[in-house]
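Asker: Compact mmCIF, C-alpha atoms, file input02.txt:
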```txt
# COMPACT_ATOMS: atom_id res chain seq x y z
CA MET A 215 164.64 89.48 108.24
CA MET A 216 163.27 90.82 111.49
CA LYS A 217 164.02 94.41 112.46
CA THR A 218 164.78 95.99 115.80
CA SER A 219 163.84 99.32 117.31
CA SER A 220 165.26 101.19 120.29
CA ASP A 221 162.26 103.50 120.73
CA ARG A 222 159.89 102.72 123.60
CA CYS A 223 156.35 102.34 122.35
CA LYS A 224 152.75 101.22 122.75
CA LEU A 225 151.10 98.85 120.29
CA VAL A 226 147.42 98.06 119.69
CA ILE A 227 146.65 94.56 118.39
CA LEU A 228 143.27 93.34 117.15
CA TYR A 229 142.44 89.72 116.34
CA GLY A 230 139.33 87.76 115.47
CA ILE A 231 138.76 84.14 114.54
CA GLY A 232 139.99 82.13 111.56
CA GLY A 233 143.31 81.67 109.74
CA LEU A 234 144.11 85.31 108.96
CA SER A 235 142.98 86.36 112.42
CA ASP A 236 145.23 83.75 114.01
CA VAL A 237 148.13 85.93 112.92
CA GLY A 238 146.77 88.54 115.34
CA ARG A 239 147.10 86.16 118.28
CA HIS A 240 150.68 85.52 117.25
CA ALA A 241 151.28 89.27 116.97
CA ILE A 242 150.97 89.43 120.75
CA ILE A 243 153.88 87.00 121.03
CA ALA A 244 155.84 88.88 118.37
CA ALA A 245 155.31 92.16 120.24
CA LEU A 246 156.41 90.61 123.54
CA GLU A 247 159.67 89.61 121.83
CA LYS A 248 160.53 93.29 121.49
CA PRO A 249 161.82 94.99 124.67
CA SER A 250 161.03 98.38 123.11
CA ILE A 251 157.29 97.67 123.24
CA GLU A 252 156.26 98.63 126.76
CA GLN A 253 152.47 98.36 126.43
CA ILE A 254 150.26 96.11 124.31
CA ILE A 255 146.52 96.73 124.07
CA VAL A 256 144.66 93.67 122.80
CA ILE A 257 141.15 94.23 121.41
CA THR A 258 139.04 91.21 120.50
CA GLU A 259 135.68 89.47 120.61
CA TYR A 260 137.44 86.24 121.59
CA PRO A 261 139.75 86.58 124.65
CA SER A 262 139.31 82.88 125.48
CA LEU A 263 141.15 81.88 122.29
CA LEU A 264 144.37 82.79 124.11
CA ASP A 265 143.70 79.94 126.55
CA GLU A 266 144.08 77.35 123.79
CA GLU A 267 147.41 75.52 123.71
CA ASN A 268 147.36 75.17 119.93
CA TRP A 269 146.79 78.46 118.14
CA GLU A 270 146.19 76.63 114.83
CA CYS A 271 149.95 76.59 114.28
CA ASN A 272 153.09 74.50 114.63
CA CYS A 273 154.97 76.75 117.01
CA PRO A 274 157.37 74.60 119.09
CA GLY A 275 155.96 73.85 122.53
CA GLY A 276 152.54 75.28 121.79
CA HIS A 277 151.25 78.35 123.60
CA THR A 278 150.10 79.55 126.98
CA ASN A 279 147.97 82.60 127.60
CA PRO A 280 150.40 85.53 127.96
CA PHE A 281 147.90 87.23 130.27
CA ASN A 282 148.55 84.40 132.74
CA ASP A 283 152.32 84.80 132.60
CA PRO A 284 153.68 86.94 135.47
CA ASP A 285 156.63 87.93 133.30
CA THR A 286 154.46 89.48 130.57
CA VAL A 287 151.08 90.40 132.06
CA SER A 288 152.26 93.84 133.21
CA LYS A 289 152.71 94.86 129.55
CA LEU A 290 149.26 93.67 128.49
CA LYS A 291 145.74 95.05 128.63
CA MET A 292 142.72 93.13 127.33
CA VAL A 293 139.72 94.95 125.85
CA LYS A 294 136.80 92.64 125.11
CA ILE A 295 134.08 93.85 122.79
CA ASP A 296 130.73 92.21 122.09
CA THR A 297 130.74 92.29 118.29
CA TRP A 298 132.12 94.49 115.54
CA LYS A 299 128.61 94.54 114.11
CA ASN A 300 127.81 96.99 116.90
CA GLU A 301 129.32 100.46 117.23
CA GLN A 302 132.09 100.73 119.85
CA PRO A 303 131.77 104.38 120.94
CA ASP A 304 134.68 104.40 123.42
CA LEU A 305 137.19 102.66 121.17
CA ALA A 306 139.44 105.67 120.56
CA LYS A 307 140.63 105.89 124.16
CA TYR A 308 142.54 102.62 123.82
CA PHE A 309 144.51 103.96 120.85
CA ILE A 310 145.71 107.20 122.45
CA GLY A 311 149.50 107.32 122.55
CA ALA A 312 150.00 104.24 120.35
CA THR A 313 152.98 104.05 118.02
CA GLY A 314 151.10 101.74 115.69
CA VAL A 315 148.27 99.28 115.22
CA VAL A 316 148.24 95.67 114.02
CA SER A 317 144.78 94.68 112.80
CA CYS A 318 143.92 91.03 112.03
CA LEU A 319 140.15 90.88 111.69
CA GLY A 320 139.76 89.31 108.26
CA HIS A 321 138.79 85.83 107.10
CA ARG A 322 139.35 83.95 103.85
CA GLN A 323 137.27 80.82 104.52
CA PRO A 324 134.51 81.94 106.90
CA GLY A 325 132.32 79.17 108.23
CA TRP A 326 134.36 76.30 106.81
CA LYS A 327 136.24 75.61 110.03
CA ASN A 328 134.53 78.09 112.35
CA PRO A 329 130.75 77.69 111.89
CA GLU A 330 130.01 80.52 114.31
CA LEU A 331 131.26 82.96 111.68
CA LYS A 332 128.08 82.21 109.76
CA LYS A 333 126.11 83.54 112.71
CA ARG A 334 128.35 86.40 113.78
CA GLY A 335 129.22 87.47 110.27
CA LEU A 336 132.24 88.92 108.49
CA VAL A 337 133.96 91.77 110.30
CA ALA A 338 137.03 92.76 108.26
CA TYR A 339 135.22 95.87 107.05
CA ASP A 340 132.91 96.45 110.04
CA GLY A 341 135.80 96.18 112.47
CA ASN A 342 138.44 98.08 110.53
CA ARG A 343 136.00 100.85 109.68
CA GLN A 344 135.76 101.50 113.41
CA VAL A 345 139.52 101.10 113.86
CA ILE A 346 140.10 103.82 111.26
CA ALA A 347 137.70 106.20 113.02
CA ALA A 348 139.26 105.48 116.43
CA MET A 349 142.77 106.06 115.11
CA VAL A 350 141.82 109.36 113.52
CA GLU A 351 140.18 110.50 116.76
CA ALA A 352 143.19 109.38 118.82
CA LYS A 353 145.64 110.94 116.35
CA VAL A 354 147.41 107.64 115.64
CA ASN A 355 148.64 107.30 112.08
CA ARG A 356 150.37 103.94 111.51
CA VAL A 357 148.36 100.75 110.91
CA VAL A 358 149.33 97.36 109.50
CA ALA A 359 146.28 95.33 108.50
CA ILE A 360 146.09 91.75 107.31
CA SER A 361 144.47 91.01 103.97
CA SER A 362 145.06 88.33 101.34
CA ILE A 363 146.70 87.59 98.04
CA ALA A 364 144.39 88.08 95.05
CA ILE A 365 142.22 90.75 96.70
CA ASN A 366 141.22 93.72 94.54
CA GLY A 367 142.85 92.08 91.54
CA ASP A 368 146.30 91.95 93.11
CA LYS A 369 148.68 89.81 91.01
CA SER A 370 151.96 90.61 92.71
CA TRP A 371 152.61 86.98 93.71
CA PRO A 372 152.92 85.12 90.37
CA HIS A 373 152.06 81.65 91.67
CA TRP A 374 149.28 79.37 90.40
CA SER A 375 147.66 79.29 93.85
CA SER A 376 147.18 83.06 93.66
CA GLN A 377 145.06 82.53 90.55
CA ALA A 378 143.16 79.77 92.34
CA MET A 379 142.48 82.07 95.27
CA SER A 380 141.23 84.73 92.88
CA CYS A 381 138.73 82.22 91.48
CA LEU A 382 137.60 81.26 94.98
CA PHE A 383 137.01 84.91 95.86
CA LYS A 384 134.71 85.10 92.84
CA THR A 385 132.80 81.90 93.72
CA PHE A 386 132.76 79.93 96.98
CA GLN A 387 134.49 82.63 99.03
CA ARG A 388 132.84 85.59 97.36
CA LYS A 389 131.51 87.13 100.59
CA ALA A 390 134.91 86.87 102.27
CA GLY A 391 136.60 88.42 99.25
CA LYS A 392 134.16 91.31 99.12
CA ASP A 393 134.60 91.94 102.84
CA LEU A 394 138.39 92.08 102.55
CA ALA A 395 138.20 94.24 99.42
CA LYS A 396 135.87 96.67 101.16
CA MET A 397 138.25 96.80 104.12
CA GLU A 398 141.17 97.59 101.80
CA ASP A 399 139.20 100.36 100.12
CA ALA A 400 138.44 101.89 103.51
CA TYR A 401 142.14 102.13 104.32
CA ILE A 402 143.05 103.41 100.88
CA GLU A 403 140.43 106.16 101.18
CA SER A 404 141.57 107.11 104.69
CA SER A 405 144.29 109.56 105.70
CA LEU A 406 146.22 106.88 107.60
CA ASP A 407 149.69 105.55 106.91
CA TYR A 408 148.53 102.00 106.18
CA LEU A 409 150.19 98.80 105.04
CA LEU A 410 148.00 95.96 103.75
CA VAL A 411 149.75 92.63 104.32
CA ARG A 412 149.19 89.67 102.00
CA PRO A 413 150.74 86.61 103.69
CA VAL A 414 151.43 83.49 101.66
CA GLY A 415 150.30 80.15 103.05
CA ILE A 416 150.27 80.54 106.87
CA GLY A 417 149.45 76.84 107.12
CA GLU A 418 148.90 75.18 110.49
CA GLU A 419 151.78 72.76 109.86
CA VAL A 420 154.51 75.36 109.30
CA VAL A 421 157.26 75.80 111.90
CA PRO A 422 158.43 79.41 112.47
CA THR A 423 161.92 80.23 111.23
CA GLY A 424 162.29 83.77 112.54
CA GLN A 425 162.55 85.05 108.98
CA TYR A 426 160.27 86.51 106.35
CA TYR A 427 160.76 87.52 102.74
CA LEU A 428 159.09 90.26 100.71
CA GLN A 429 157.83 89.70 97.19
CA GLN A 430 159.70 92.03 94.85
CA SER A 431 157.96 94.03 92.17
CA GLU A 432 160.73 93.91 89.59
CA LYS A 433 160.23 92.28 86.19
CA ASP A 434 162.09 89.18 87.35
CA LYS A 435 159.69 88.61 90.25
CA VAL A 436 158.92 85.04 89.09
CA HIS A 437 162.56 84.08 89.63
CA ASP A 438 162.57 85.81 93.03
CA MET A 439 159.09 84.61 94.02
CA VAL A 440 158.72 84.24 97.79
CA GLY A 441 158.15 80.76 99.18
CA GLY A 442 154.68 79.34 99.16
CA ASN A 443 154.17 78.95 102.88
CA MET A 444 155.20 80.79 106.02
CA ALA A 445 154.39 80.40 109.68
CA LYS A 446 151.74 82.54 111.30
CA LEU A 447 154.27 83.73 113.86
CA ASP A 448 156.66 84.90 111.15
CA ALA A 449 153.82 86.77 109.41
CA ALA A 450 153.00 88.36 112.76
CA ARG A 451 156.64 89.35 113.25
CA PHE A 452 156.60 91.16 109.92
CA MET A 453 153.43 93.02 110.87
CA VAL A 454 154.76 94.07 114.27
CA ASP A 455 158.07 95.16 112.73
CA GLU A 456 156.26 97.34 110.20
CA ALA A 457 153.94 98.78 112.86
CA VAL A 458 156.77 100.07 115.06
CA THR A 459 159.51 100.60 112.44
CA PRO A 460 157.72 101.43 109.18
CA THR A 461 159.42 101.02 105.82
CA LEU A 462 156.41 100.51 103.52
CA HIS A 463 153.83 103.26 103.33
CA MET A 464 150.29 103.44 101.93
CA THR A 465 150.68 100.27 99.92
CA SER A 466 150.25 96.49 100.04
CA GLN A 467 152.92 93.83 100.37
CA VAL A 468 153.07 90.08 99.77
CA VAL A 469 155.19 88.39 102.43
CA GLY A 470 156.22 84.75 102.45
CA ALA A 471 158.86 82.16 103.22
CA LYS A 472 162.30 81.77 101.70
CA PRO A 473 162.12 81.57 97.90
CA GLY A 474 161.71 77.97 96.82
CA THR A 475 159.66 76.91 99.84
CA PRO A 476 156.70 74.85 98.55
CA MET A 477 153.07 75.42 99.51
CA SER A 478 153.16 72.24 101.59
CA GLY A 479 155.57 74.01 103.95
```
Spit out the file's structure as structure tokens when you get a sec.

Answerer:
Amino acid sequence: MMKTSSDRCKLVILYGIGGLSDVGRHAIIAALEKPSIEQIIVITEYPSLLDEENWECNCPGGHTNPFNDPDTVSKLKMVKIDTWKNEQPDLAKYFIGATGVVSCLGHRQPGWKNPELKKRGLVAYDGNRQVIAAMVEAKVNRVVAISSIAINGDKSWPHWSSQAMSCLFKTFQRKAGKDLAKMEDAYIESSLDYLLVRPVGIGEEVVPTGQYYLQQSEKDKVHDMVGGNMAKLDAARFMVDEAVTPTLHMTSQVVGAKPGTPMSG
């Protein structure tokens, strides 16, 4: 379930392009749902993606660019960068005073739906490496970063599709898997209070429910296995909740829909 916080805070959100990165766009909406978040810094290579009505999701009513909404624009600041392949020397100044960071720069299927990724390259590691440095410089400690099931040998979601994803990361999606694994290692080796989020499904057809469920680590985790698909907005809500009201520290977490929900959503 979603959490609430009474503390006033500033949040930094980073998004890229692709399914995992779409959660970052939705994190802006999730953050705007919280009155306690007074300032949201958005850092991205792709500001124009916010102009799209469909954010590769099934959110009721679609989306409008929150930067064009007079009721929300005062809370928002856009920082456009050229590419995470280049060093961003002034990045730290945008993190100063932040309560937490939500980073969604990874991809699982680069180039399949977004051909430009083949030209611009994978940035989960290149981007988050710079995020880590900026946070350390700005003295910000809490970060929630999106990753994937089956990365670095993770088997915490005992579903057949997790095994299938593991095979894909060793074959057709090998570069994407290595990029996400390298990103995870960078956080694990850092001094930050990180949470690596492994969302289940996040299909374009899934309608948000306002709820999320955490995969348990007990022996009976098969019986309590989280549902096989969740909406991108609900994944974003979990990430924002954990960024401003942390409960999971220096670990990874599979998050999904209500137990029993099929992969088809």

Asker: For stretch 347-407 of chain A versus stretch 449-462 of chain A, which residues have an atom no more than 9 Å away, and what is each residue's nearest atom pair and distance in Å rounded to one decimal, using only C-alpha atoms, chain-then-number order, as a Markdown table?

Answerer:
```
| residue | atom | partner | partner_atom | distance |
| --- | --- | --- | --- | --- |
| A:Arg356 | CA | A:Ala457 | CA | 6.4 |
| A:Val357 | CA | A:Ala457 | CA | 6.2 |
| A:Val358 | CA | A:Ala457 | CA | 5.9 |
| A:Ala359 | CA | A:Met453 | CA | 7.9 |
| A:Ile360 | CA | A:Met453 | CA | 8.3 |
```

Asker: Keeping only C-alpha atoms, take the residues you just selected and write them out as a PDB file, in the frame of the given file.

Answerer:
```pdb
ATOM      1  CA  ARG A 356     150.370 103.940 111.510  1.00  0.00           C
ATOM      2  CA  VAL A 357     148.360 100.750 110.910  1.00  0.00           C
ATOM      3  CA  VAL A 358     149.330  97.360 109.500  1.00  0.00           C
ATOM      4  CA  ALA A 359     146.280  95.330 108.500  1.00  0.00           C
ATOM      5  CA  ILE A 360     146.090  91.750 107.310  1.00  0.00           C
TER       6      ILE A 360
END
```

Asker: What's the separation between atom CA of A:Leu410 and atom CA of A:Ser235, in Å to one decimal place?

Answerer: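 Taking atom CA of A:Leu410 and atom CA of A:Ser235, their separation equals 13.9 Å.
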
Asker: Near stretch 251-265 of chain A, within 7 Å and counting only C-alpha atoms, which residues show up once chain neighbours fewer than 5 positions away are dropped, as a PDB file with C-alpha atoms, in the coordinates of the input?

Answerer:
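Contents of the output file out.pdb:
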```pdb
ATOM      1  CA  ARG A 222     159.890 102.720 123.600  1.00  0.00           C
ATOM      2  CA  CYS A 223     156.350 102.340 122.350  1.00  0.00           C
ATOM      3  CA  LYS A 224     152.750 101.220 122.750  1.00  0.00           C
ATOM      4  CA  LEU A 225     151.100  98.850 120.290  1.00  0.00           C
ATOM      5  CA  VAL A 226     147.420  98.060 119.690  1.00  0.00           C
ATOM      6  CA  ILE A 227     146.650  94.560 118.390  1.00  0.00           C
ATOM      7  CA  LEU A 228     143.270  93.340 117.150  1.00  0.00           C
ATOM      8  CA  TYR A 229     142.440  89.720 116.340  1.00  0.00           C
ATOM      9  CA  GLY A 230     139.330  87.760 115.470  1.00  0.00           C
ATOM     10  CA  ALA A 245     155.310  92.160 120.240  1.00  0.00           C
ATOM     11  CA  THR A 278     150.100  79.550 126.980  1.00  0.00           C
ATOM     12  CA  ASN A 279     147.970  82.600 127.600  1.00  0.00           C
ATOM     13  CA  LYS A 289     152.710  94.860 129.550  1.00  0.00           C
ATOM     14  CA  LEU A 290     149.260  93.670 128.490  1.00  0.00           C
ATOM     15  CA  LYS A 291     145.740  95.050 128.630  1.00  0.00           C
ATOM     16  CA  MET A 292     142.720  93.130 127.330  1.00  0.00           C
ATOM     17  CA  VAL A 293     139.720  94.950 125.850  1.00  0.00           C
ATOM     18  CA  LYS A 294     136.800  92.640 125.110  1.00  0.00           C
ATOM     19  CA  ILE A 295     134.080  93.850 122.790  1.00  0.00           C
ATOM     20  CA  ASP A 296     130.730  92.210 122.090  1.00  0.00           C
ATOM     21  CA  THR A 297     130.740  92.290 118.290  1.00  0.00           C
TER      22      THR A 297
END
```

Asker: What does the structure give for the distance between atom CA of A:Met379 and atom CA of A:Met464, in Å to one decimal?

Answerer: 23.7 Å

Asker: Which residue out of A:Cys318, A:Leu305, A:Ile242, A:Val468 has the minimum interatomic distance to A:Pro372 when only C-alpha atoms are used?

Answerer: A:Val468

Asker: Could you check which of A:Val337, A:Val316, A:Ala348, A:Cys273 is closest to A:Thr423, using all atoms listed in the file?

Answerer: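 Result for the nearest residue to A:Thr423: A:Cys273.
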
Asker: (149.0, 80.7, 114.8) in this file's frame - what residues fall within 9 Å of it? Use all atoms listed in the file and give the answer as a list in words.

Answerer: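 Here the neighbourhood of the point contains Gly233, Leu234, Ser235, Asp236, Val237, Gly238, Arg239, His240, Asn268, Trp269, Glu270, Cys271, Asn272, Cys273, Ile416, Gly417, Glu418, Ala445, Lys446, Leu447 and Ala450 of chain A.
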
Asker: Kindly export the residues of the current selection with C-alpha atoms, as a PDB file, in the frame of the given file.

Answerer:
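Done, and the output landed in result_25.pdb:
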```pdb
ATOM      1  CA  GLY A 233     143.310  81.670 109.740  1.00  0.00           C
ATOM      2  CA  LEU A 234     144.110  85.310 108.960  1.00  0.00           C
ATOM      3  CA  SER A 235     142.980  86.360 112.420  1.00  0.00           C
ATOM      4  CA  ASP A 236     145.230  83.750 114.010  1.00  0.00           C
ATOM      5  CA  VAL A 237     148.130  85.930 112.920  1.00  0.00           C
ATOM      6  CA  GLY A 238     146.770  88.540 115.340  1.00  0.00           C
ATOM      7  CA  ARG A 239     147.100  86.160 118.280  1.00  0.00           C
ATOM      8  CA  HIS A 240     150.680  85.520 117.250  1.00  0.00           C
ATOM      9  CA  ASN A 268     147.360  75.170 119.930  1.00  0.00           C
ATOM     10  CA  TRP A 269     146.790  78.460 118.140  1.00  0.00           C
ATOM     11  CA  GLU A 270     146.190  76.630 114.830  1.00  0.00           C
ATOM     12  CA  CYS A 271     149.950  76.590 114.280  1.00  0.00           C
ATOM     13  CA  ASN A 272     153.090  74.500 114.630  1.00  0.00           C
ATOM     14  CA  CYS A 273     154.970  76.750 117.010  1.00  0.00           C
ATOM     15  CA  ILE A 416     150.270  80.540 106.870  1.00  0.00           C
ATOM     16  CA  GLY A 417     149.450  76.840 107.120  1.00  0.00           C
ATOM     17  CA  GLU A 418     148.900  75.180 110.490  1.00  0.00           C
ATOM     18  CA  ALA A 445     154.390  80.400 109.680  1.00  0.00           C
ATOM     19  CA  LYS A 446     151.740  82.540 111.300  1.00  0.00           C
ATOM     20  CA  LEU A 447     154.270  83.730 113.860  1.00  0.00           C
ATOM     21  CA  ALA A 450     153.000  88.360 112.760  1.00  0.00           C
TER      22      ALA A 450
END
```

Asker: So the first atom is atom CA of A:Leu394 and the second is atom CA of A:Gly424; what is the distance between them in Å, to one decimal place?

Answerer: 27.2 Å
